[in-house]
file target.pdb (PDB, C-alpha atoms, pLDDT in the B column)
ATOM      1  CA  ARG A 269      42.952  -1.848 -10.821  1.00 71.00           C
ATOM      2  CA  ILE A 270      39.356  -0.540 -10.678  1.00 72.00           C
ATOM      3  CA  THR A 271      38.592   2.779  -9.033  1.00 76.00           C
ATOM      4  CA  ALA A 272      35.026   3.711  -8.113  1.00 77.00           C
ATOM      5  CA  PRO A 273      33.740   7.270  -8.520  1.00 77.00           C
ATOM      6  CA  ALA A 274      32.090   7.102  -5.075  1.00 80.00           C
ATOM      7  CA  ASP A 275      32.304   5.160  -1.829  1.00 83.00           C
ATOM      8  CA  GLY A 276      30.109   2.090  -1.486  1.00 81.00           C
ATOM      9  CA  THR A 277      29.868  -1.579  -0.719  1.00 81.00           C
ATOM     10  CA  VAL A 278      30.668  -4.099  -3.469  1.00 81.00           C
ATOM     11  CA  LEU A 279      27.396  -5.899  -4.213  1.00 81.00           C
ATOM     12  CA  SER A 280      28.551  -8.003  -7.162  1.00 80.00           C
ATOM     13  CA  VAL A 281      31.564  -8.652  -9.389  1.00 80.00           C
ATOM     14  CA  ALA A 282      30.885  -9.825 -12.947  1.00 80.00           C
ATOM     15  CA  GLY A 283      34.292 -11.296 -13.758  1.00 77.00           C
ATOM     16  CA  GLY A 284      37.617 -12.409 -12.459  1.00 76.00           C
ATOM     17  CA  VAL A 285      41.286 -11.427 -12.508  1.00 77.00           C
ATOM     18  CA  GLY A 286      42.483 -10.979 -16.092  1.00 76.00           C
ATOM     19  CA  ASP A 287      38.977 -10.723 -17.607  1.00 76.00           C
ATOM     20  CA  GLU A 288      38.250  -7.827 -19.933  1.00 74.00           C
ATOM     21  CA  ALA A 289      35.555  -5.413 -18.889  1.00 69.00           C
ATOM     22  CA  GLY A 290      32.826  -5.137 -21.516  1.00 70.00           C
ATOM     23  CA  THR A 291      30.127  -2.505 -21.801  1.00 69.00           C
ATOM     24  CA  GLY A 292      28.100  -3.785 -18.831  1.00 69.00           C
ATOM     25  CA  ALA A 293      28.785  -3.284 -15.157  1.00 69.00           C
ATOM     26  CA  PHE A 294      31.895  -5.167 -14.027  1.00 75.00           C
ATOM     27  CA  VAL A 295      31.485  -4.218 -10.373  1.00 77.00           C
ATOM     28  CA  THR A 296      28.208  -3.116  -8.811  1.00 80.00           C
ATOM     29  CA  LEU A 297      28.466  -0.795  -5.802  1.00 80.00           C
ATOM     30  CA  GLY A 298      25.713   0.106  -3.367  1.00 79.00           C
ATOM     31  CA  ASP A 299      25.273   2.700  -0.639  1.00 77.00           C
ATOM     32  CA  LEU A 300      23.944   0.574   2.211  1.00 76.00           C
ATOM     33  CA  ASP A 301      23.462   3.657   4.385  1.00 76.00           C
ATOM     34  CA  GLU A 302      20.690   4.930   2.077  1.00 81.00           C
ATOM     35  CA  LEU A 303      18.610   1.818   1.404  1.00 83.00           C
ATOM     36  CA  GLN A 304      15.221   2.249  -0.216  1.00 91.00           C
ATOM     37  CA  VAL A 305      12.325   0.011  -1.134  1.00 93.00           C
ATOM     38  CA  GLU A 306      11.405  -0.413  -4.791  1.00 93.00           C
ATOM     39  CA  ALA A 307       7.691  -1.262  -4.830  1.00 93.00           C
ATOM     40  CA  LEU A 308       5.224  -1.898  -7.646  1.00 93.00           C
ATOM     41  CA  PHE A 309       1.752  -0.330  -7.563  1.00 92.00           C
ATOM     42  CA  THR A 310      -1.107  -1.181  -9.895  1.00 89.00           C
ATOM     43  CA  GLU A 311      -2.492   1.199 -12.471  1.00 88.00           C
ATOM     44  CA  SER A 312      -5.661   1.639 -10.393  1.00 83.00           C
ATOM     45  CA  ASP A 313      -3.648   2.778  -7.343  1.00 87.00           C
ATOM     46  CA  ILE A 314      -0.917   4.892  -8.951  1.00 91.00           C
ATOM     47  CA  GLY A 315      -3.204   7.910  -9.485  1.00 89.00           C
ATOM     48  CA  SER A 316      -3.534   8.300  -5.709  1.00 89.00           C
ATOM     49  CA  LEU A 317       0.218   8.420  -5.067  1.00 93.00           C
ATOM     50  CA  LYS A 318       2.231  11.620  -4.803  1.00 95.00           C
ATOM     51  CA  LEU A 319       5.798  12.464  -3.879  1.00 96.00           C
ATOM     52  CA  GLY A 320       6.210  13.103  -0.154  1.00 95.00           C
ATOM     53  CA  GLN A 321       3.353  10.838   0.978  1.00 94.00           C
ATOM     54  CA  ARG A 322       3.952   8.873   4.157  1.00 94.00           C
ATOM     55  CA  ALA A 323       4.432   5.120   3.961  1.00 94.00           C
ATOM     56  CA  THR A 324       4.784   2.182   6.317  1.00 94.00           C
ATOM     57  CA  ILE A 325       7.282  -0.546   5.462  1.00 95.00           C
ATOM     58  CA  THR A 326       7.217  -4.070   6.885  1.00 93.00           C
ATOM     59  CA  LEU A 327       9.979  -6.588   6.257  1.00 92.00           C
ATOM     60  CA  ALA A 328       9.483 -10.339   5.936  1.00 90.00           C
ATOM     61  CA  THR A 329      12.559 -10.925   8.103  1.00 88.00           C
ATOM     62  CA  ARG A 330      11.383  -8.659  10.942  1.00 89.00           C
ATOM     63  CA  GLU A 331       7.910  -9.844  11.803  1.00 88.00           C
ATOM     64  CA  GLY A 332       5.754  -7.395  13.747  1.00 89.00           C
ATOM     65  CA  LYS A 333       8.017  -4.374  13.189  1.00 93.00           C
ATOM     66  CA  LYS A 334       7.022  -1.396  11.064  1.00 95.00           C
ATOM     67  CA  TYR A 335       9.262   1.317   9.656  1.00 95.00           C
ATOM     68  CA  ASP A 336       8.279   4.787   8.495  1.00 95.00           C
ATOM     69  CA  GLY A 337       9.140   5.996   5.019  1.00 95.00           C
ATOM     70  CA  THR A 338       8.354   8.554   2.340  1.00 95.00           C
ATOM     71  CA  VAL A 339       7.495   8.251  -1.371  1.00 96.00           C
ATOM     72  CA  THR A 340      10.526   9.731  -3.165  1.00 96.00           C
ATOM     73  CA  HIS A 341      10.033   8.661  -6.793  1.00 96.00           C
ATOM     74  CA  ILE A 342       7.211   7.462  -9.041  1.00 96.00           C
ATOM     75  CA  ALA A 343       8.248   5.931 -12.365  1.00 95.00           C
ATOM     76  CA  PRO A 344       6.651   7.690 -15.347  1.00 94.00           C
ATOM     77  CA  THR A 345       6.446   4.453 -17.333  1.00 94.00           C
ATOM     78  CA  ALA A 346       4.768   1.178 -16.480  1.00 93.00           C
ATOM     79  CA  THR A 347       5.823  -2.436 -16.608  1.00 92.00           C
ATOM     80  CA  THR A 348       3.261  -4.875 -17.945  1.00 91.00           C
ATOM     81  CA  THR A 349       2.980  -8.560 -17.081  1.00 89.00           C
ATOM     82  CA  GLY A 350       0.131 -10.167 -18.984  1.00 90.00           C
ATOM     83  CA  GLN A 351      -2.691  -7.682 -18.440  1.00 89.00           C
ATOM     84  CA  LEU A 352      -1.322  -6.362 -15.126  1.00 90.00           C
ATOM     85  CA  VAL A 353       0.034  -2.806 -15.439  1.00 93.00           C
ATOM     86  CA  ARG A 354       2.268  -1.653 -12.573  1.00 93.00           C
ATOM     87  CA  TYR A 355       4.424   1.379 -11.820  1.00 95.00           C
ATOM     88  CA  GLY A 356       7.674   1.416  -9.846  1.00 94.00           C
ATOM     89  CA  VAL A 357       7.601   3.557  -6.719  1.00 96.00           C
ATOM     90  CA  THR A 358      10.623   4.293  -4.521  1.00 95.00           C
ATOM     91  CA  ILE A 359      10.095   4.544  -0.765  1.00 96.00           C
ATOM     92  CA  ALA A 360      12.945   5.912   1.366  1.00 94.00           C
ATOM     93  CA  PHE A 361      13.256   4.750   4.965  1.00 94.00           C
ATOM     94  CA  ASP A 362      13.124   7.588   7.502  1.00 93.00           C
ATOM     95  CA  GLU A 363      15.539   5.493   9.573  1.00 90.00           C
ATOM     96  CA  ALA A 364      16.606   2.212   7.995  1.00 85.00           C
ATOM     97  CA  PRO A 365      16.972  -0.693  10.425  1.00 87.00           C
ATOM     98  CA  ALA A 366      20.483  -1.941  11.163  1.00 83.00           C
ATOM     99  CA  ASP A 367      21.855  -4.898   9.204  1.00 81.00           C
ATOM    100  CA  LEU A 368      19.314  -4.565   6.391  1.00 82.00           C
ATOM    101  CA  LEU A 369      20.333  -6.565   3.319  1.00 81.00           C
ATOM    102  CA  VAL A 370      19.808  -5.749  -0.336  1.00 83.00           C
ATOM    103  CA  GLY A 371      17.021  -7.780  -1.937  1.00 84.00           C
ATOM    104  CA  GLN A 372      14.975  -8.491   1.187  1.00 87.00           C
ATOM    105  CA  THR A 373      11.218  -8.789   0.754  1.00 91.00           C
ATOM    106  CA  ALA A 374       9.201  -5.802   1.938  1.00 93.00           C
ATOM    107  CA  THR A 375       5.547  -4.776   1.978  1.00 92.00           C
ATOM    108  CA  VAL A 376       4.641  -1.109   1.620  1.00 93.00           C
ATOM    109  CA  THR A 377       1.460   0.688   2.657  1.00 91.00           C
ATOM    110  CA  VAL A 378       1.112   4.293   1.503  1.00 91.00           C
ATOM    111  CA  THR A 379      -1.372   6.534   3.290  1.00 85.00           C
ATOM    112  CA  VAL A 380      -3.214   8.498   0.593  1.00 85.00           C
ATOM    113  CA  ALA A 381      -6.100   9.719   2.769  1.00 82.00           C
ATOM    114  CA  GLN A 382      -7.245   9.322   6.348  1.00 82.00           C
ATOM    115  CA  SER A 383     -10.184  10.141   8.524  1.00 82.00           C
ATOM    116  CA  GLN A 384     -10.570  10.271  12.292  1.00 83.00           C
ATOM    117  CA  ALA A 385     -13.554   8.835  14.213  1.00 80.00           C
ATOM    118  CA  ALA A 386     -15.194   7.696  10.976  1.00 82.00           C
ATOM    119  CA  LEU A 387     -18.236   5.528  10.460  1.00 86.00           C
ATOM    120  CA  TYR A 388     -17.128   2.818   8.020  1.00 87.00           C
ATOM    121  CA  LEU A 389     -18.316  -0.340   6.267  1.00 88.00           C
ATOM    122  CA  PRO A 390     -16.673  -3.187   4.356  1.00 90.00           C
ATOM    123  CA  ALA A 391     -16.201  -2.063   0.740  1.00 89.00           C
ATOM    124  CA  GLN A 392     -18.365  -4.879  -0.615  1.00 89.00           C
ATOM    125  CA  ALA A 393     -21.380  -3.581   1.346  1.00 90.00           C
ATOM    126  CA  VAL A 394     -21.389  -0.305  -0.619  1.00 92.00           C
ATOM    127  CA  ARG A 395     -22.797  -0.468  -4.164  1.00 90.00           C
ATOM    128  CA  THR A 396     -22.839   2.206  -6.817  1.00 86.00           C
ATOM    129  CA  LYS A 397     -26.211   2.534  -8.490  1.00 81.00           C
ATOM    130  CA  ASP A 398     -27.592   5.380 -10.622  1.00 83.00           C
ATOM    131  CA  GLY A 399     -24.522   7.489  -9.870  1.00 83.00           C
ATOM    132  CA  GLY A 400     -24.846   7.210  -6.081  1.00 89.00           C
ATOM    133  CA  ALA A 401     -23.617   4.944  -3.310  1.00 93.00           C
ATOM    134  CA  ARG A 402     -26.171   2.674  -1.646  1.00 92.00           C
ATOM    135  CA  VAL A 403     -26.293   0.118   1.148  1.00 92.00           C
ATOM    136  CA  THR A 404     -28.928  -2.316   2.326  1.00 90.00           C
ATOM    137  CA  VAL A 405     -30.021  -1.755   5.928  1.00 90.00           C
ATOM    138  CA  GLN A 406     -31.555  -4.595   7.942  1.00 87.00           C
ATOM    139  CA  GLY A 407     -35.292  -3.995   8.192  1.00 83.00           C
ATOM    140  CA  GLY A 408     -35.046  -0.726   6.253  1.00 74.00           C
ATOM    141  CA  GLY A 409     -34.324  -1.643   2.642  1.00 85.00           C
ATOM    142  CA  GLU A 410     -31.869   0.251   0.511  1.00 88.00           C
ATOM    143  CA  ARG A 411     -30.410   3.551   1.700  1.00 90.00           C
ATOM    144  CA  VAL A 412     -28.455   6.230  -0.192  1.00 92.00           C
ATOM    145  CA  VAL A 413     -25.172   7.121   1.523  1.00 93.00           C
ATOM    146  CA  THR A 414     -22.369   9.597   0.959  1.00 92.00           C
ATOM    147  CA  THR A 415     -18.872   8.134   1.038  1.00 92.00           C
ATOM    148  CA  GLY A 416     -15.527   9.591   2.055  1.00 90.00           C
ATOM    149  CA  VAL A 417     -12.155   7.869   2.342  1.00 88.00           C
ATOM    150  CA  ARG A 418     -12.038   4.497   0.573  1.00 84.00           C
ATOM    151  CA  SER A 419      -9.518   1.673   0.890  1.00 79.00           C
ATOM    152  CA  ASP A 420      -9.370  -1.814  -0.570  1.00 76.00           C
ATOM    153  CA  ARG A 421     -11.264  -3.146   2.453  1.00 83.00           C
ATOM    154  CA  TYR A 422     -13.372  -0.331   3.939  1.00 87.00           C
ATOM    155  CA  VAL A 423     -15.365   2.745   2.918  1.00 89.00           C
ATOM    156  CA  GLU A 424     -16.032   5.756   5.132  1.00 90.00           C
ATOM    157  CA  ILE A 425     -19.726   6.741   5.322  1.00 90.00           C
ATOM    158  CA  THR A 426     -20.111  10.493   5.839  1.00 91.00           C
ATOM    159  CA  SER A 427     -23.922  10.611   5.732  1.00 91.00           C
ATOM    160  CA  GLY A 428     -26.938   8.367   5.293  1.00 91.00           C
ATOM    161  CA  LEU A 429     -26.242   6.011   8.224  1.00 88.00           C
ATOM    162  CA  ALA A 430     -25.956   6.321  11.947  1.00 78.00           C
ATOM    163  CA  GLU A 431     -23.659   4.411  14.256  1.00 73.00           C
ATOM    164  CA  ASN A 432     -25.172   0.997  15.112  1.00 79.00           C
ATOM    165  CA  ASP A 433     -27.383   0.832  11.970  1.00 84.00           C
ATOM    166  CA  ARG A 434     -27.086  -2.778  10.827  1.00 88.00           C
ATOM    167  CA  VAL A 435     -26.067  -3.056   7.186  1.00 90.00           C
ATOM    168  CA  VAL A 436     -26.746  -6.290   5.307  1.00 88.00           C
ATOM    169  CA  LEU A 437     -23.605  -7.668   3.682  1.00 85.00           C
ATOM    170  CA  PRO A 438     -23.663  -9.391   0.297  1.00 78.00           C
ATOM    171  CA  THR A 439     -23.941 -13.182   0.381  1.00 70.00           C
ATOM    172  CA  GLY A 440     -20.549 -14.800   0.942  1.00 56.00           C
ATOM    173  CA  ALA A 441     -18.897 -11.682   2.411  1.00 52.00           C
ATOM    174  CA  THR A 442     -16.505 -12.538   5.230  1.00 52.00           C
ATOM    175  CA  THR A 443     -15.607  -9.408   7.122  1.00 51.00           C
ATOM    176  CA  GLY A 444     -16.095 -10.216  10.782  1.00 55.00           C
ATOM    177  CA  GLY A 445     -19.649  -8.901  11.019  1.00 54.00           C
ATOM    178  CA  PHE A 446     -22.516 -10.478  12.951  1.00 54.00           C
ATOM    179  CA  PRO A 447     -23.454 -14.158  12.384  1.00 52.00           C
ATOM    180  CA  ASP A 448     -26.718 -13.059  10.716  1.00 52.00           C
ATOM    181  CA  GLY A 449     -24.743 -11.479   7.835  1.00 54.00           C
ATOM    182  CA  THR A 450     -24.994  -7.858   9.008  1.00 54.00           C
ATOM    183  CA  TRP A 451     -22.305  -5.341   9.832  1.00 53.00           C
ATOM    184  CA  PRO A 452     -22.685  -3.037  12.853  1.00 56.00           C
ATOM    185  CA  GLY A 453     -20.844  -0.059  11.395  1.00 52.00           C
ATOM    186  CA  GLY A 454     -18.076   1.270  13.561  1.00 47.00           C
ATOM    187  CA  LEU A 455     -15.803   4.093  14.485  1.00 43.00           C
ATOM    188  CA  SER A 456     -12.097   4.038  13.811  1.00 39.00           C
TER
END
call {"tool": "encode", "arguments": {"input": "target.pdb", "output": "structure tokens"}}
result
Amino acid sequence: RITAPADGTVLSVAGGVGDEAGTGAFVTLGDLDELQVEALFTESDIGSLKLGQRATITLATREGKKYDGTVTHIAPTATTTGQLVRYGVTIAFDEAPADLLVGQTATVTVTVAQSQAALYLPAQAVRTKDGGARVTVQGGGERVVTTGVRSDRYVEITSGLAENDRVVLPTGATTGGFPDGTWPGGLS
């Protein structure tokens, strides 16, 4: 007879009737009422994460639905695969969806900064040169800009451009700009 120290759902049994229990887990229990997402973040992103930050969770099995969550733990040590260094981050659901199963694939987006009504450009349009950020403006050459919030895809421009200035994108950039390779800037 095996007695658990807490209530839970049996997730796995590593043996059968009459087997001896070794030093490893014989029965694995889980609390399915408190499911969390274990996510991996790269070394370049981990410095922006803090406990309590808001997150959005999407599940592969529930297309189009988003769930709110909170960063509850950041691992102090990294895992390394080849040259990729990543840190484990735990995201707790604010309200977990019904019938969620352990091991489902999830994608997590953590909001580390935000800006309202911001002028922004694709990240590849903003270059760092001589310690400052610069963009190329159609018909106006290079212009020094001040940047704000930055994501993988976009950079907020806080000064140096006006709405509707046309910024020339690098060759091969595909960001939904104009057919002539410029970006109109925009508010979000």
call {"tool": "resolve_selection", "arguments": {"input": "target.pdb", "expression": "the PyMOL selection byres ((chain A and resi 415-418) around 9)", "output": "short mmCIF file (atom, residue, chain, number, x, y, z; two decimals) with C-alpha atoms, keeping the file's coordinate frame"}}
result
data_model
loop_
_atom_site.label_atom_id
_atom_site.label_comp_id
_atom_site.auth_asym_id
_atom_site.auth_seq_id
_atom_site.Cartn_x
_atom_site.Cartn_y
_atom_site.Cartn_z
CA ALA A 381 -6.10 9.72 2.77
CA GLN A 382 -7.24 9.32 6.35
CA SER A 383 -10.18 10.14 8.52
CA TYR A 388 -17.13 2.82 8.02
CA ALA A 391 -16.20 -2.06 0.74
CA VAL A 394 -21.39 -0.30 -0.62
CA ALA A 401 -23.62 4.94 -3.31
CA VAL A 413 -25.17 7.12 1.52
CA THR A 414 -22.37 9.60 0.96
CA SER A 419 -9.52 1.67 0.89
CA ASP A 420 -9.37 -1.81 -0.57
CA ARG A 421 -11.26 -3.15 2.45
CA TYR A 422 -13.37 -0.33 3.94
CA VAL A 423 -15.36 2.74 2.92
CA GLU A 424 -16.03 5.76 5.13
CA ILE A 425 -19.73 6.74 5.32
CA THR A 426 -20.11 10.49 5.84
CA SER A 427 -23.92 10.61 5.73
#
call {"tool": "residues_around", "arguments": {"input": "target.pdb", "residues": "Ile314 (chain A)", "least_positions_apart": "2", "cutoff": "10 Å", "atoms": "all atoms listed in the file", "output": "list in words"}}
result
Leu308, Phe309, Thr310, Glu311, Ser312, Ser316, Leu317, Lys318, Ile342, Ala343, Arg354, Tyr355, Gly356 and Val357 of chain A
call {"tool": "residues_around", "arguments": {"input": "target.pdb", "residues": "Gly371 (chain A)", "least_positions_apart": "6", "cutoff": "12 Å", "atoms": "only C-alpha atoms", "output": "ChimeraX atom specification"}}
result
/A:279,298,300,303-307,327-329
call {"tool": "atom_distance", "arguments": {"input": "target.pdb", "atom1": "CA of Ala366 (chain A)", "atom2": "CA of Gly276 (chain A)"}}
result
16.4 Å
call {"tool": "axis_aligned_box", "arguments": {"input": "target.pdb", "around": "region 377-387 of chain A", "padding_each_side": "4 Å", "output": "AutoDock Vina command-line options"}}
result
--center_x -8.4 --center_y 5.5 --center_z 7.4 --size_x 27.7 --size_y 17.6 --size_z 21.6
call {"tool": "atom_distance", "arguments": {"input": "target.pdb", "atom1": "CA of Thr379 (chain A)", "atom2": "CA of Lys334 (chain A)"}}
result
13.9 Å
call {"tool": "atom_distance", "arguments": {"input": "target.pdb", "atom1": "CA of Thr396 (chain A)", "atom2": "CA of Gly408 (chain A)"}}
result
18.1 Å
call {"tool": "residues_near_point", "arguments": {"input": "target.pdb", "point": "(11.4, 10.3, -1.3)", "cutoff": "9 Å", "atoms": "only C-alpha atoms", "output": "PyMOL selection string"}}
result
chain A and resi 304+319-321+337-341+358-361
call {"tool": "closest_residue", "arguments": {"input": "target.pdb", "among": "A:Gly332, A:Pro273, A:Gly428, A:Gly286", "to": "Glu410 (chain A)", "atoms": "all atoms listed in the file"}}
result
A:Gly428
call {"tool": "build_atoms", "arguments": {"input": "target.pdb", "residues": "region 397-408 of chain A", "atoms": "all heavy atoms", "output": "PDB file, in the coordinates of the input"}}
result
ATOM      1  N   LYS A 397     -25.027   2.737  -7.669  1.00 81.00           N
ATOM      2  CA  LYS A 397     -26.211   2.534  -8.490  1.00 81.00           C
ATOM      3  C   LYS A 397     -26.770   3.904  -8.867  1.00 81.00           C
ATOM      4  O   LYS A 397     -26.928   4.762  -8.004  1.00 81.00           O
ATOM      5  CB  LYS A 397     -27.247   1.728  -7.697  1.00 81.00           C
ATOM      6  CG  LYS A 397     -28.484   1.356  -8.458  1.00 81.00           C
ATOM      7  CD  LYS A 397     -29.380   0.479  -7.587  1.00 81.00           C
ATOM      8  CE  LYS A 397     -30.689   0.193  -8.263  1.00 81.00           C
ATOM      9  NZ  LYS A 397     -31.598  -0.554  -7.387  1.00 81.00           N
ATOM     10  N   ASP A 398     -27.044   4.111 -10.134  1.00 83.00           N
ATOM     11  CA  ASP A 398     -27.592   5.380 -10.622  1.00 83.00           C
ATOM     12  C   ASP A 398     -26.738   6.572 -10.171  1.00 83.00           C
ATOM     13  O   ASP A 398     -27.263   7.615  -9.786  1.00 83.00           O
ATOM     14  CB  ASP A 398     -29.041   5.561 -10.161  1.00 83.00           C
ATOM     15  CG  ASP A 398     -29.958   4.460 -10.670  1.00 83.00           C
ATOM     16  OD1 ASP A 398     -29.716   3.977 -11.796  1.00 83.00           O
ATOM     17  OD2 ASP A 398     -30.896   4.095  -9.939  1.00 83.00           O
ATOM     18  N   GLY A 399     -25.425   6.401 -10.198  1.00 83.00           N
ATOM     19  CA  GLY A 399     -24.522   7.489  -9.870  1.00 83.00           C
ATOM     20  C   GLY A 399     -24.344   7.763  -8.390  1.00 83.00           C
ATOM     21  O   GLY A 399     -23.635   8.685  -8.010  1.00 83.00           O
ATOM     22  N   GLY A 400     -24.980   6.987  -7.514  1.00 89.00           N
ATOM     23  CA  GLY A 400     -24.846   7.210  -6.081  1.00 89.00           C
ATOM     24  C   GLY A 400     -24.464   5.937  -5.349  1.00 89.00           C
ATOM     25  O   GLY A 400     -24.593   4.838  -5.877  1.00 89.00           O
ATOM     26  N   ALA A 401     -23.986   6.091  -4.139  1.00 93.00           N
ATOM     27  CA  ALA A 401     -23.617   4.944  -3.310  1.00 93.00           C
ATOM     28  C   ALA A 401     -24.828   4.522  -2.487  1.00 93.00           C
ATOM     29  O   ALA A 401     -25.563   5.363  -1.959  1.00 93.00           O
ATOM     30  CB  ALA A 401     -22.459   5.314  -2.398  1.00 93.00           C
ATOM     31  N   ARG A 402     -25.014   3.213  -2.371  1.00 92.00           N
ATOM     32  CA  ARG A 402     -26.171   2.674  -1.646  1.00 92.00           C
ATOM     33  C   ARG A 402     -25.748   1.487  -0.804  1.00 92.00           C
ATOM     34  O   ARG A 402     -24.828   0.758  -1.160  1.00 92.00           O
ATOM     35  CB  ARG A 402     -27.256   2.234  -2.621  1.00 92.00           C
ATOM     36  CG  ARG A 402     -27.780   3.373  -3.475  1.00 92.00           C
ATOM     37  CD  ARG A 402     -28.706   2.859  -4.571  1.00 92.00           C
ATOM     38  NE  ARG A 402     -29.075   3.919  -5.474  1.00 92.00           N
ATOM     39  CZ  ARG A 402     -30.087   4.746  -5.295  1.00 92.00           C
ATOM     40  NH1 ARG A 402     -30.834   4.658  -4.225  1.00 92.00           N
ATOM     41  NH2 ARG A 402     -30.356   5.680  -6.173  1.00 92.00           N
ATOM     42  N   VAL A 403     -26.472   1.295   0.302  1.00 92.00           N
ATOM     43  CA  VAL A 403     -26.293   0.118   1.148  1.00 92.00           C
ATOM     44  C   VAL A 403     -27.668  -0.435   1.487  1.00 92.00           C
ATOM     45  O   VAL A 403     -28.675   0.273   1.399  1.00 92.00           O
ATOM     46  CB  VAL A 403     -25.511   0.440   2.450  1.00 92.00           C
ATOM     47  CG1 VAL A 403     -24.122   0.964   2.140  1.00 92.00           C
ATOM     48  CG2 VAL A 403     -26.270   1.424   3.311  1.00 92.00           C
ATOM     49  N   THR A 404     -27.688  -1.700   1.880  1.00 90.00           N
ATOM     50  CA  THR A 404     -28.928  -2.316   2.326  1.00 90.00           C
ATOM     51  C   THR A 404     -28.904  -2.384   3.847  1.00 90.00           C
ATOM     52  O   THR A 404     -27.966  -2.923   4.433  1.00 90.00           O
ATOM     53  CB  THR A 404     -29.083  -3.737   1.742  1.00 90.00           C
ATOM     54  OG1 THR A 404     -29.032  -3.629   0.315  1.00 90.00           O
ATOM     55  CG2 THR A 404     -30.393  -4.368   2.165  1.00 90.00           C
ATOM     56  N   VAL A 405     -29.938  -1.800   4.471  1.00 90.00           N
ATOM     57  CA  VAL A 405     -30.021  -1.755   5.928  1.00 90.00           C
ATOM     58  C   VAL A 405     -31.028  -2.805   6.382  1.00 90.00           C
ATOM     59  O   VAL A 405     -32.119  -2.932   5.809  1.00 90.00           O
ATOM     60  CB  VAL A 405     -30.452  -0.347   6.409  1.00 90.00           C
ATOM     61  CG1 VAL A 405     -30.568  -0.304   7.920  1.00 90.00           C
ATOM     62  CG2 VAL A 405     -29.462   0.696   5.918  1.00 90.00           C
ATOM     63  N   GLN A 406     -30.668  -3.559   7.428  1.00 87.00           N
ATOM     64  CA  GLN A 406     -31.555  -4.595   7.942  1.00 87.00           C
ATOM     65  C   GLN A 406     -32.872  -3.962   8.380  1.00 87.00           C
ATOM     66  O   GLN A 406     -32.900  -3.013   9.162  1.00 87.00           O
ATOM     67  CB  GLN A 406     -30.906  -5.311   9.128  1.00 87.00           C
ATOM     68  CG  GLN A 406     -31.707  -6.493   9.632  1.00 87.00           C
ATOM     69  CD  GLN A 406     -30.992  -7.191  10.769  1.00 87.00           C
ATOM     70  OE1 GLN A 406     -30.379  -6.546  11.604  1.00 87.00           O
ATOM     71  NE2 GLN A 406     -31.080  -8.507  10.794  1.00 87.00           N
ATOM     72  N   GLY A 407     -33.972  -4.485   7.833  1.00 83.00           N
ATOM     73  CA  GLY A 407     -35.292  -3.995   8.192  1.00 83.00           C
ATOM     74  C   GLY A 407     -35.649  -2.651   7.595  1.00 83.00           C
ATOM     75  O   GLY A 407     -36.726  -2.121   7.840  1.00 83.00           O
ATOM     76  N   GLY A 408     -34.755  -2.057   6.792  1.00 74.00           N
ATOM     77  CA  GLY A 408     -35.046  -0.726   6.253  1.00 74.00           C
ATOM     78  C   GLY A 408     -34.825  -0.592   4.772  1.00 74.00           C
ATOM     79  O   GLY A 408     -34.906   0.496   4.220  1.00 74.00           O
TER      80      GLY A 408
END
